[in-house]
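Asks: Structure in structure tokens, see below.
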Amino acid sequence: MVEAVETMDGWYSLHDLRTIDWDSWKLASDAERQEAIGSFEKLVTKWDAVEEAKNGSHAMYKVVGQKADLMFMFLRPTMDELSELETEFNKSKFAEFLQPAHSYVSIIELSKYRPAKDGVDPETLPETQARLKPILPKWEHICFYPMDRRRQGEENWYTLEKDVRGKLLYEHSMTGRKYANKIKQFITGSIGLDNWEWGVTLFAHDPLEFKKIVYEMRFDEVSSKYGEFGEFFVGNILKKEDIPSYLHV
Ligand code: 76R
């Protein structure tokens with residue numbers, strides 16, 4: 001029987017995408033808009049404090065294109081905390097002007113394809129723990145998309161032996177390494193949690209690097225034979241201090 005790989009699972013992740021109802025935003029009074037902006041800033045201050053205490057992390061981006069206006073990525077130690085955060089956001093004054101556009105639930109995931117070095121469980125290493133509970137970079141651009149591993153005829157990831165899968169992922173990681181300092185990637189596992197098997201979240205200083213890495217990876221066997229991809233979302237960072245000018249009408 002083909003052996004599954006053991007995964008190391010870290011913080012729970014929620015990608016939360018919202019569309020701003022600009023019509024009602026423009027019709028609202030100045031006082032109402034101020035109240036909404038204040039409620040949003042208050043939430044961000046709270047999220048910042050959680051991140052400061054290393055109890056979670058978040059990213060906030062303005063989506064380019066019509067799929068949504070805002071994309072948040074939230075990381076928390078438990079699913080309950082994600083839900084609390086989402087509910088608090090929904091109850092805020094600002095949310096009166098937002099419509100849900102999309103969401104994705106997953107968990108920061110690393111896999112144990114490589115044999116343990118000197119019998120040390122990699123999960124116990126501080127560097128692994130830091131990768132499982134990461135503080136998201138505040139880089140200028142984000143790209144998020146879900147993906148599956150194919151299971152079709154001869155191209156079935158789930159009938160490949162573990163060492164074969166490990167080798168293909170190793171080759172994949174060699175392509176990935178070329179993008180050090182240009183791309184930061186977070187793989188979140190969503191088997192049993194959402195519609196696809198993984199979420200891929202990339203951060204970059206230059207959005208052209210998204211196209212370059214994804215294009216180059218299309219030729220890695222693990223993607224060319226075994227990758228299926230969902231919808232892409234890209235965005236530019238929204239800093240807390242830029243919220244009023246972004247929302248100014
Ligand atoms: O453990 C590690 O993170 C290092 C090796 C590694 C694994 C196991 C690695 C490295 N990845 C791994 C697993 Mn990846 N990755 C993607 C995508 O668009 C596409 O074609 C694929 C989307 C990108 C852009 C990317 C980037 N990777 C995975 C998995 C889990 C598969 C499984 O378990 O079956 C998926 C779905 C996936 C997809 N990967 C890297 C990168 C980059 C940039 C690296 C190098 C990281 C570094 O060395 O700093």
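Identifiers in the structure tokens: chain A, B, ... in order shown; residue index from 1 per chain; ligand index from 1 in order shown.
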Considering only C-alpha atoms, tabulate each residue of segment 78-118 of chain A that lies at most 12 Å from segment 49-65 of chain A along with its nearest interatomic pair and the corresponding distance in Å to one decimal; arrange the rows by chain and ascending residue number and present them as a tab-separated table.

Replies:
residue	atom	partner	partner_atom	distance
A:Thr78	CA	A:Gly56	CA	9.6
A:Met79	CA	A:Gly56	CA	11.7
A:Glu81	CA	A:Gly56	CA	9.5
A:Leu82	CA	A:Gly56	CA	9.8
A:Leu85	CA	A:Val50	CA	11.1
A:Ala101	CA	A:Val63	CA	11.0
A:His102	CA	A:Val63	CA	11.8
A:Ile108	CA	A:Gly56	CA	11.7

Asks: Include N, CA and C atoms and write out the residues we just selected as an mmCIF file, in the first residue's frame.

Replies:
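Output below, filename result-v8.cif:
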data_model
loop_
_atom_site.group_PDB
_atom_site.id
_atom_site.type_symbol
_atom_site.label_atom_id
_atom_site.label_comp_id
_atom_site.auth_asym_id
_atom_site.auth_seq_id
_atom_site.Cartn_x
_atom_site.Cartn_y
_atom_site.Cartn_z
ATOM 1 N N THR A 78 -5.889 28.334 16.942
ATOM 2 C CA THR A 78 -7.035 27.411 16.894
ATOM 3 C C THR A 78 -8.084 27.901 15.894
ATOM 4 N N MET A 79 -8.929 26.967 15.495
ATOM 5 C CA MET A 79 -10.041 27.279 14.600
ATOM 6 C C MET A 79 -11.052 28.183 15.329
ATOM 7 N N GLU A 81 -10.420 30.523 17.491
ATOM 8 C CA GLU A 81 -9.949 31.915 17.443
ATOM 9 C C GLU A 81 -10.201 32.546 16.079
ATOM 10 N N LEU A 82 -10.073 31.731 15.027
ATOM 11 C CA LEU A 82 -10.360 32.252 13.679
ATOM 12 C C LEU A 82 -11.825 32.656 13.593
ATOM 13 N N LEU A 85 -12.578 35.823 15.577
ATOM 14 C CA LEU A 85 -12.062 36.982 14.847
ATOM 15 C C LEU A 85 -13.014 37.359 13.702
ATOM 16 N N ALA A 101 -16.825 37.892 -0.425
ATOM 17 C CA ALA A 101 -16.475 37.581 -1.813
ATOM 18 C C ALA A 101 -15.970 36.141 -1.935
ATOM 19 N N HIS A 102 -15.200 35.719 -0.927
ATOM 20 C CA HIS A 102 -14.609 34.381 -0.982
ATOM 21 C C HIS A 102 -13.950 34.100 0.363
ATOM 22 N N ILE A 108 -1.391 25.917 8.142
ATOM 23 C CA ILE A 108 0.014 25.970 7.734
ATOM 24 C C ILE A 108 0.582 24.556 7.816
#

Asks: Restrict the calculation to only C-alpha atoms and all ligand atoms, then for each residue of chain A with any atom at most 8 Å from an atom of ligand 1 give the closest atom pair and their distance in Å to one decimal, rows by chain and rising residue number, as a tab-separated table.

Replies:
residue	atom	partner	partner_atom_place_in_ligand_line	distance
A:Val5	CA	ligand 1	33 (O)	7.5
A:Thr7	CA	ligand 1	33 (O)	7.9
A:Glu109	CA	ligand 1	30 (C)	7.9
A:Leu110	CA	ligand 1	1 (O)	5.6
A:Ser111	CA	ligand 1	8 (C)	5.7
A:Lys112	CA	ligand 1	8 (C)	7.6
A:Tyr113	CA	ligand 1	8 (C)	6.9
A:Met147	CA	ligand 1	36 (C)	6.5
A:Asp148	CA	ligand 1	36 (C)	7.2
A:Arg149	CA	ligand 1	34 (O)	7.0
A:Arg165	CA	ligand 1	34 (O)	7.3
A:Gly166	CA	ligand 1	8 (C)	7.5
A:Leu169	CA	ligand 1	8 (C)	5.5
A:Tyr170	CA	ligand 1	5 (C)	6.0
A:His172	CA	ligand 1	10 (C)	6.3
A:Ser173	CA	ligand 1	10 (C)	3.8
A:Met174	CA	ligand 1	45 (C)	6.7
A:Thr175	CA	ligand 1	44 (C)	7.0
A:Gly176	CA	ligand 1	43 (C)	3.4
A:Arg177	CA	ligand 1	45 (C)	4.4
A:Lys178	CA	ligand 1	43 (C)	7.5
A:Tyr179	CA	ligand 1	43 (C)	5.9
A:Ala180	CA	ligand 1	49 (O)	6.0
A:Ile183	CA	ligand 1	43 (C)	6.2
A:Lys184	CA	ligand 1	43 (C)	6.4
A:Gln185	CA	ligand 1	43 (C)	5.5
A:Phe186	CA	ligand 1	26 (C)	7.8
A:Ile187	CA	ligand 1	35 (C)	6.1
A:Gly189	CA	ligand 1	30 (C)	7.8
A:Glu197	CA	ligand 1	36 (C)	7.8
A:Trp198	CA	ligand 1	36 (C)	5.5
A:Gly199	CA	ligand 1	36 (C)	7.2
A:Val200	CA	ligand 1	22 (C)	5.7
A:Thr201	CA	ligand 1	24 (C)	7.9
A:Leu202	CA	ligand 1	24 (C)	6.9
A:Phe210	CA	ligand 1	24 (C)	7.9
A:Ile213	CA	ligand 1	24 (C)	6.1
A:Val214	CA	ligand 1	18 (O)	4.5
A:Tyr215	CA	ligand 1	18 (O)	7.5
A:Glu216	CA	ligand 1	20 (O)	7.9
A:Met217	CA	ligand 1	20 (O)	4.6
A:Arg218	CA	ligand 1	20 (O)	5.1
A:Asp220	CA	ligand 1	20 (O)	7.5
A:Val222	CA	ligand 1	20 (O)	7.6
A:Ser223	CA	ligand 1	20 (O)	4.8
A:Ser224	CA	ligand 1	20 (O)	7.7
A:Gly227	CA	ligand 1	20 (O)	6.5
A:Phe229	CA	ligand 1	18 (O)	7.5

Asks: Using the selection just defined, write its residues with N, CA and C atoms as a tab-separated table (two decimals), in the first residue's frame.

Replies:
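Result written to result34.tsv:
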chain	number	residue	atom	x	y	z
A	5	VAL	N	2.22	10.72	3.63
A	5	VAL	CA	3.36	11.38	4.28
A	5	VAL	C	2.83	12.00	5.57
A	7	THR	N	2.42	14.90	8.11
A	7	THR	CA	2.51	16.36	7.99
A	7	THR	C	2.77	16.98	9.35
A	109	GLU	N	1.17	24.09	6.70
A	109	GLU	CA	1.60	22.69	6.63
A	109	GLU	C	3.02	22.53	6.09
A	110	LEU	N	3.75	21.67	6.76
A	110	LEU	CA	5.05	21.22	6.25
A	110	LEU	C	4.98	19.70	6.23
A	111	SER	N	5.69	19.08	5.28
A	111	SER	CA	5.61	17.62	5.24
A	111	SER	C	6.95	16.99	5.59
A	112	LYS	N	6.87	15.76	6.04
A	112	LYS	CA	8.08	15.04	6.47
A	112	LYS	C	8.53	14.07	5.39
A	113	TYR	N	8.82	14.60	4.20
A	113	TYR	CA	9.32	13.70	3.15
A	113	TYR	C	10.77	13.33	3.40
A	147	MET	N	-4.86	24.66	-4.84
A	147	MET	CA	-4.48	23.62	-5.81
A	147	MET	C	-4.72	22.21	-5.29
A	148	ASP	N	-4.76	21.30	-6.24
A	148	ASP	CA	-4.91	19.86	-5.95
A	148	ASP	C	-3.75	19.10	-6.55
A	149	ARG	N	-3.56	17.90	-6.08
A	149	ARG	CA	-2.69	16.96	-6.80
A	149	ARG	C	-3.62	16.03	-7.60
A	165	ARG	N	7.31	10.60	-4.61
A	165	ARG	CA	6.71	11.92	-4.35
A	165	ARG	C	7.74	12.84	-3.69
A	166	GLY	N	8.51	12.28	-2.76
A	166	GLY	CA	9.54	13.07	-2.08
A	166	GLY	C	10.57	13.60	-3.06
A	169	LEU	N	9.08	16.42	-5.12
A	169	LEU	CA	8.96	17.65	-4.33
A	169	LEU	C	10.33	18.26	-4.06
A	170	TYR	N	11.34	17.42	-3.98
A	170	TYR	CA	12.70	17.94	-3.80
A	170	TYR	C	13.11	18.76	-5.04
A	172	HIS	N	11.09	20.18	-7.07
A	172	HIS	CA	10.25	21.38	-6.98
A	172	HIS	C	10.90	22.42	-6.05
A	173	SER	N	11.42	21.95	-4.92
A	173	SER	CA	12.00	22.90	-3.96
A	173	SER	C	13.26	23.57	-4.52
A	174	MET	N	13.95	22.86	-5.44
A	174	MET	CA	15.15	23.46	-6.07
A	174	MET	C	14.74	24.64	-6.96
A	175	THR	N	13.62	24.50	-7.65
A	175	THR	CA	13.10	25.64	-8.42
A	175	THR	C	12.73	26.76	-7.46
A	176	GLY	N	12.04	26.37	-6.39
A	176	GLY	CA	11.60	27.37	-5.40
A	176	GLY	C	12.75	28.16	-4.82
A	177	ARG	N	13.85	27.48	-4.54
A	177	ARG	CA	14.99	28.15	-3.90
A	177	ARG	C	15.59	29.28	-4.73
A	178	LYS	N	15.42	29.16	-6.05
A	178	LYS	CA	15.95	30.22	-6.92
A	178	LYS	C	15.27	31.56	-6.64
A	179	TYR	N	14.12	31.49	-5.98
A	179	TYR	CA	13.36	32.72	-5.74
A	179	TYR	C	13.53	33.25	-4.31
A	180	ALA	N	14.57	32.76	-3.64
A	180	ALA	CA	14.85	33.24	-2.28
A	180	ALA	C	14.95	34.77	-2.32
A	183	ILE	N	10.46	35.75	-3.41
A	183	ILE	CA	9.15	35.17	-3.11
A	183	ILE	C	9.22	34.53	-1.73
A	184	LYS	N	8.17	34.78	-0.93
A	184	LYS	CA	8.03	34.02	0.32
A	184	LYS	C	6.75	33.22	0.16
A	185	GLN	N	6.85	31.88	0.36
A	185	GLN	CA	5.68	31.04	0.12
A	185	GLN	C	5.21	30.40	1.41
A	186	PHE	N	3.88	30.29	1.52
A	186	PHE	CA	3.27	29.60	2.65
A	186	PHE	C	2.30	28.58	2.08
A	187	ILE	N	2.57	27.32	2.39
A	187	ILE	CA	1.68	26.26	1.92
A	187	ILE	C	0.76	25.90	3.07
A	189	GLY	N	-2.44	23.39	4.19
A	189	GLY	CA	-3.15	22.16	3.83
A	189	GLY	C	-4.64	22.34	4.08
A	197	GLU	N	-7.06	20.95	-2.11
A	197	GLU	CA	-6.19	20.22	-1.18
A	197	GLU	C	-5.14	21.09	-0.48
A	198	TRP	N	-4.69	22.14	-1.19
A	198	TRP	CA	-3.73	23.08	-0.59
A	198	TRP	C	-4.06	24.51	-1.00
A	199	GLY	N	-3.66	25.42	-0.15
A	199	GLY	CA	-3.66	26.83	-0.52
A	199	GLY	C	-2.21	27.23	-0.71
A	200	VAL	N	-1.96	28.05	-1.70
A	200	VAL	CA	-0.61	28.57	-1.94
A	200	VAL	C	-0.69	30.08	-1.76
A	201	THR	N	0.06	30.61	-0.81
A	201	THR	CA	0.08	32.06	-0.62
A	201	THR	C	1.50	32.54	-0.84
A	202	LEU	N	1.66	33.43	-1.79
A	202	LEU	CA	2.98	33.94	-2.12
A	202	LEU	C	3.03	35.44	-1.83
A	210	PHE	N	5.66	36.68	-9.32
A	210	PHE	CA	4.60	35.67	-9.21
A	210	PHE	C	4.50	34.92	-10.54
A	213	ILE	N	7.73	32.68	-11.11
A	213	ILE	CA	7.84	31.42	-10.34
A	213	ILE	C	6.76	30.43	-10.76
A	214	VAL	N	5.54	30.90	-10.92
A	214	VAL	CA	4.46	29.96	-11.26
A	214	VAL	C	4.70	29.38	-12.65
A	215	TYR	N	5.18	30.23	-13.55
A	215	TYR	CA	5.47	29.75	-14.90
A	215	TYR	C	6.59	28.71	-14.87
A	216	GLU	N	7.68	29.06	-14.17
A	216	GLU	CA	8.81	28.10	-14.14
A	216	GLU	C	8.38	26.78	-13.50
A	217	MET	N	7.57	26.88	-12.46
A	217	MET	CA	7.14	25.65	-11.77
A	217	MET	C	6.21	24.79	-12.60
A	218	ARG	N	5.50	25.41	-13.56
A	218	ARG	CA	4.63	24.61	-14.42
A	218	ARG	C	5.40	23.50	-15.12
A	220	ASP	N	8.02	21.88	-13.68
A	220	ASP	CA	8.44	20.84	-12.72
A	220	ASP	C	7.45	19.70	-12.84
A	222	VAL	N	6.22	17.76	-10.80
A	222	VAL	CA	5.19	17.72	-9.76
A	222	VAL	C	4.01	18.64	-10.12
A	223	SER	N	4.27	19.69	-10.88
A	223	SER	CA	3.18	20.56	-11.33
A	223	SER	C	2.68	20.16	-12.71
A	224	SER	N	3.60	19.83	-13.64
A	224	SER	CA	3.14	19.56	-15.01
A	224	SER	C	2.28	18.31	-15.06
A	227	GLY	N	-0.27	18.74	-10.99
A	227	GLY	CA	-0.86	19.95	-10.41
A	227	GLY	C	-2.17	20.34	-11.09
A	229	PHE	N	-4.99	23.61	-10.65
A	229	PHE	CA	-5.02	24.91	-9.98
A	229	PHE	C	-6.39	25.56	-10.01

Asks: Enter the distance from atom CA of Gly230 of chain A to atom CA of Arg114 of chain A, in Å, rounded to one decimal.

Replies: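 Distance reported for this atom pair: 27.9 Å.
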
Asks: Using the chain letters and numbers from this document, which residues of segment 7-240 of chain A does DSSP assign to strand (DSSP E or B), as JSON, numbers by chain?

Replies: {"A": [7, 8, 9, 10, 11, 12, 13, 14, 15, 16, 17, 18, 19, 20, 57, 58, 59, 60, 61, 62, 63, 70, 71, 72, 73, 74, 75, 76, 98, 99, 100, 101, 102, 103, 104, 105, 106, 107, 108, 109, 110, 111, 141, 142, 143, 144, 145, 146, 147, 148, 149, 151, 152, 155, 156, 183, 184, 185, 186, 187, 188, 189, 198, 199, 200, 201, 202, 203, 204, 227, 228, 229, 233, 234, 235, 236, 237]}

Asks: What does the distance between atom CA of Thr124 of chain A and atom CA of Ala4 of chain A come to in Å, to one decimal place?

Replies: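 A separation of 20.7 Å between them.
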
Asks: Interatomic distance between atom CA of Asp163 of chain A and atom CA of Phe219 of chain A?

Replies: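 Pair atom CA of Asp163 of chain A / atom CA of Phe219 of chain A returns 20.2 Å.
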
Asks: Please determine, counting only C-alpha atoms, which residue among A:Glu86, A:Glu155, A:Glu161, A:Asp30 has the shortest atom-to-atom distance to Trp47 of chain A.

Replies: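 Residue with the minimum atom-to-atom distance to Trp47 of chain A: A:Glu86.
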
Asks: Just asking: which residues within segment 57-243 of chain A are alpha helix (DSSP H) according to DSSP, as a PyMOL selection string?

Replies: chain A and resi 79-91+126-132+162-177+208-217+221-224+243

Asks: Could you save the residues just selected, with N, CA and C atoms, as a compact mmCIF listing (two decimals), in the first residue's frame?

Replies:
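Okay, this is what ended up in selection-v8.txt:
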# COMPACT_ATOMS: atom_id res chain seq x y z
N MET A 79 -8.93 26.97 15.49
CA MET A 79 -10.04 27.28 14.60
C MET A 79 -11.05 28.18 15.33
N ASP A 80 -11.21 27.98 16.65
CA ASP A 80 -12.13 28.82 17.42
C ASP A 80 -11.72 30.28 17.36
N GLU A 81 -10.42 30.52 17.49
CA GLU A 81 -9.95 31.92 17.44
C GLU A 81 -10.20 32.55 16.08
N LEU A 82 -10.07 31.73 15.03
CA LEU A 82 -10.36 32.25 13.68
C LEU A 82 -11.83 32.66 13.59
N SER A 83 -12.68 31.79 14.14
CA SER A 83 -14.11 32.04 14.08
C SER A 83 -14.48 33.28 14.89
N GLU A 84 -13.86 33.41 16.08
CA GLU A 84 -14.13 34.60 16.92
C GLU A 84 -13.75 35.88 16.18
N LEU A 85 -12.58 35.82 15.58
CA LEU A 85 -12.06 36.98 14.85
C LEU A 85 -13.01 37.36 13.70
N GLU A 86 -13.46 36.34 12.98
CA GLU A 86 -14.34 36.57 11.84
C GLU A 86 -15.67 37.18 12.31
N THR A 87 -16.18 36.64 13.41
CA THR A 87 -17.47 37.13 13.91
C THR A 87 -17.34 38.57 14.39
N GLU A 88 -16.24 38.87 15.07
CA GLU A 88 -16.03 40.24 15.56
C GLU A 88 -15.95 41.20 14.37
N PHE A 89 -15.27 40.77 13.33
CA PHE A 89 -15.16 41.57 12.11
C PHE A 89 -16.55 41.80 11.51
N ASN A 90 -17.33 40.72 11.44
CA ASN A 90 -18.67 40.81 10.85
C ASN A 90 -19.59 41.76 11.61
N LYS A 91 -19.35 41.87 12.92
CA LYS A 91 -20.21 42.72 13.75
C LYS A 91 -19.78 44.19 13.71
N PRO A 126 13.40 24.41 16.69
CA PRO A 126 12.86 25.78 16.75
C PRO A 126 12.60 26.38 15.37
N GLU A 127 13.46 26.06 14.38
CA GLU A 127 13.23 26.65 13.04
C GLU A 127 11.96 26.09 12.40
N THR A 128 11.64 24.83 12.72
CA THR A 128 10.38 24.26 12.20
C THR A 128 9.20 24.94 12.88
N GLN A 129 9.31 25.10 14.19
CA GLN A 129 8.22 25.73 14.93
C GLN A 129 7.96 27.14 14.41
N ALA A 130 9.05 27.85 14.08
CA ALA A 130 8.90 29.22 13.55
C ALA A 130 8.20 29.19 12.19
N ARG A 131 8.43 28.14 11.40
CA ARG A 131 7.77 28.06 10.08
C ARG A 131 6.31 27.63 10.21
N LEU A 132 6.01 26.89 11.28
CA LEU A 132 4.63 26.44 11.48
C LEU A 132 3.74 27.55 12.06
N LYS A 162 5.85 6.95 -1.74
CA LYS A 162 6.28 8.14 -0.99
C LYS A 162 7.66 8.65 -1.42
N ASP A 163 8.60 7.71 -1.68
CA ASP A 163 9.95 8.19 -2.06
C ASP A 163 9.92 8.88 -3.42
N VAL A 164 9.03 8.44 -4.30
CA VAL A 164 8.91 9.09 -5.62
C VAL A 164 8.34 10.50 -5.44
N ARG A 165 7.31 10.60 -4.61
CA ARG A 165 6.71 11.92 -4.35
C ARG A 165 7.74 12.84 -3.69
N GLY A 166 8.51 12.28 -2.76
CA GLY A 166 9.54 13.07 -2.08
C GLY A 166 10.57 13.60 -3.06
N LYS A 167 10.95 12.76 -4.02
CA LYS A 167 11.95 13.17 -5.01
C LYS A 167 11.39 14.30 -5.89
N LEU A 168 10.14 14.16 -6.31
CA LEU A 168 9.53 15.19 -7.16
C LEU A 168 9.40 16.52 -6.40
N LEU A 169 9.08 16.42 -5.12
CA LEU A 169 8.96 17.65 -4.33
C LEU A 169 10.33 18.26 -4.06
N TYR A 170 11.34 17.42 -3.98
CA TYR A 170 12.70 17.94 -3.80
C TYR A 170 13.11 18.76 -5.04
N GLU A 171 12.82 18.20 -6.22
CA GLU A 171 13.12 18.93 -7.47
C GLU A 171 12.35 20.25 -7.50
N HIS A 172 11.09 20.18 -7.07
CA HIS A 172 10.25 21.38 -6.98
C HIS A 172 10.90 22.42 -6.05
N SER A 173 11.42 21.95 -4.92
CA SER A 173 12.00 22.90 -3.96
C SER A 173 13.26 23.57 -4.52
N MET A 174 13.95 22.86 -5.44
CA MET A 174 15.15 23.46 -6.07
C MET A 174 14.74 24.64 -6.96
N THR A 175 13.62 24.50 -7.65
CA THR A 175 13.10 25.64 -8.42
C THR A 175 12.73 26.76 -7.46
N GLY A 176 12.04 26.37 -6.39
CA GLY A 176 11.60 27.37 -5.40
C GLY A 176 12.75 28.16 -4.82
N ARG A 177 13.85 27.48 -4.54
CA ARG A 177 14.99 28.15 -3.90
C ARG A 177 15.59 29.28 -4.73
N LEU A 208 5.79 40.79 -10.76
CA LEU A 208 6.25 40.01 -11.90
C LEU A 208 6.85 38.67 -11.45
N GLU A 209 7.39 38.65 -10.23
CA GLU A 209 7.98 37.40 -9.71
C GLU A 209 6.93 36.31 -9.52
N PHE A 210 5.66 36.68 -9.32
CA PHE A 210 4.60 35.67 -9.21
C PHE A 210 4.50 34.92 -10.54
N LYS A 211 4.47 35.70 -11.61
CA LYS A 211 4.34 35.10 -12.93
C LYS A 211 5.57 34.23 -13.22
N LYS A 212 6.72 34.74 -12.86
CA LYS A 212 7.95 34.00 -13.17
C LYS A 212 7.99 32.66 -12.42
N ILE A 213 7.73 32.68 -11.11
CA ILE A 213 7.84 31.42 -10.34
C ILE A 213 6.76 30.43 -10.76
N VAL A 214 5.54 30.90 -10.92
CA VAL A 214 4.46 29.96 -11.26
C VAL A 214 4.70 29.38 -12.65
N TYR A 215 5.18 30.23 -13.55
CA TYR A 215 5.47 29.75 -14.90
C TYR A 215 6.59 28.71 -14.87
N GLU A 216 7.68 29.06 -14.17
CA GLU A 216 8.81 28.10 -14.14
C GLU A 216 8.38 26.78 -13.50
N MET A 217 7.57 26.88 -12.46
CA MET A 217 7.14 25.65 -11.77
C MET A 217 6.21 24.79 -12.60
N GLU A 221 7.95 18.48 -12.84
CA GLU A 221 7.06 17.34 -13.03
C GLU A 221 5.90 17.33 -12.02
N VAL A 222 6.22 17.76 -10.80
CA VAL A 222 5.19 17.72 -9.76
C VAL A 222 4.01 18.64 -10.12
N SER A 223 4.27 19.69 -10.88
CA SER A 223 3.18 20.56 -11.33
C SER A 223 2.68 20.16 -12.71
N SER A 224 3.60 19.83 -13.64
CA SER A 224 3.14 19.56 -15.01
C SER A 224 2.28 18.31 -15.06
N ILE A 243 -5.45 53.33 5.46
CA ILE A 243 -6.89 52.99 5.42
C ILE A 243 -7.75 54.23 5.12

Asks: Name all residues at most 12 Å from Leu98 of chain A (count only C-alpha atoms; drop same-chain ones fewer than 3 positions away) and give them as a list in words.

Replies: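 Here the answer would be Asp16, Leu17, Arg18, Thr19, Ile20, Asp21, Trp22, Asp23, Ser24, Trp25, Ala36, Phe40, Ala68, Asp69, Leu70, Met71, Phe89, Asn90, Lys91, Ser92, Lys93, Phe94, Ala95, Ala101 and His102 of chain A.
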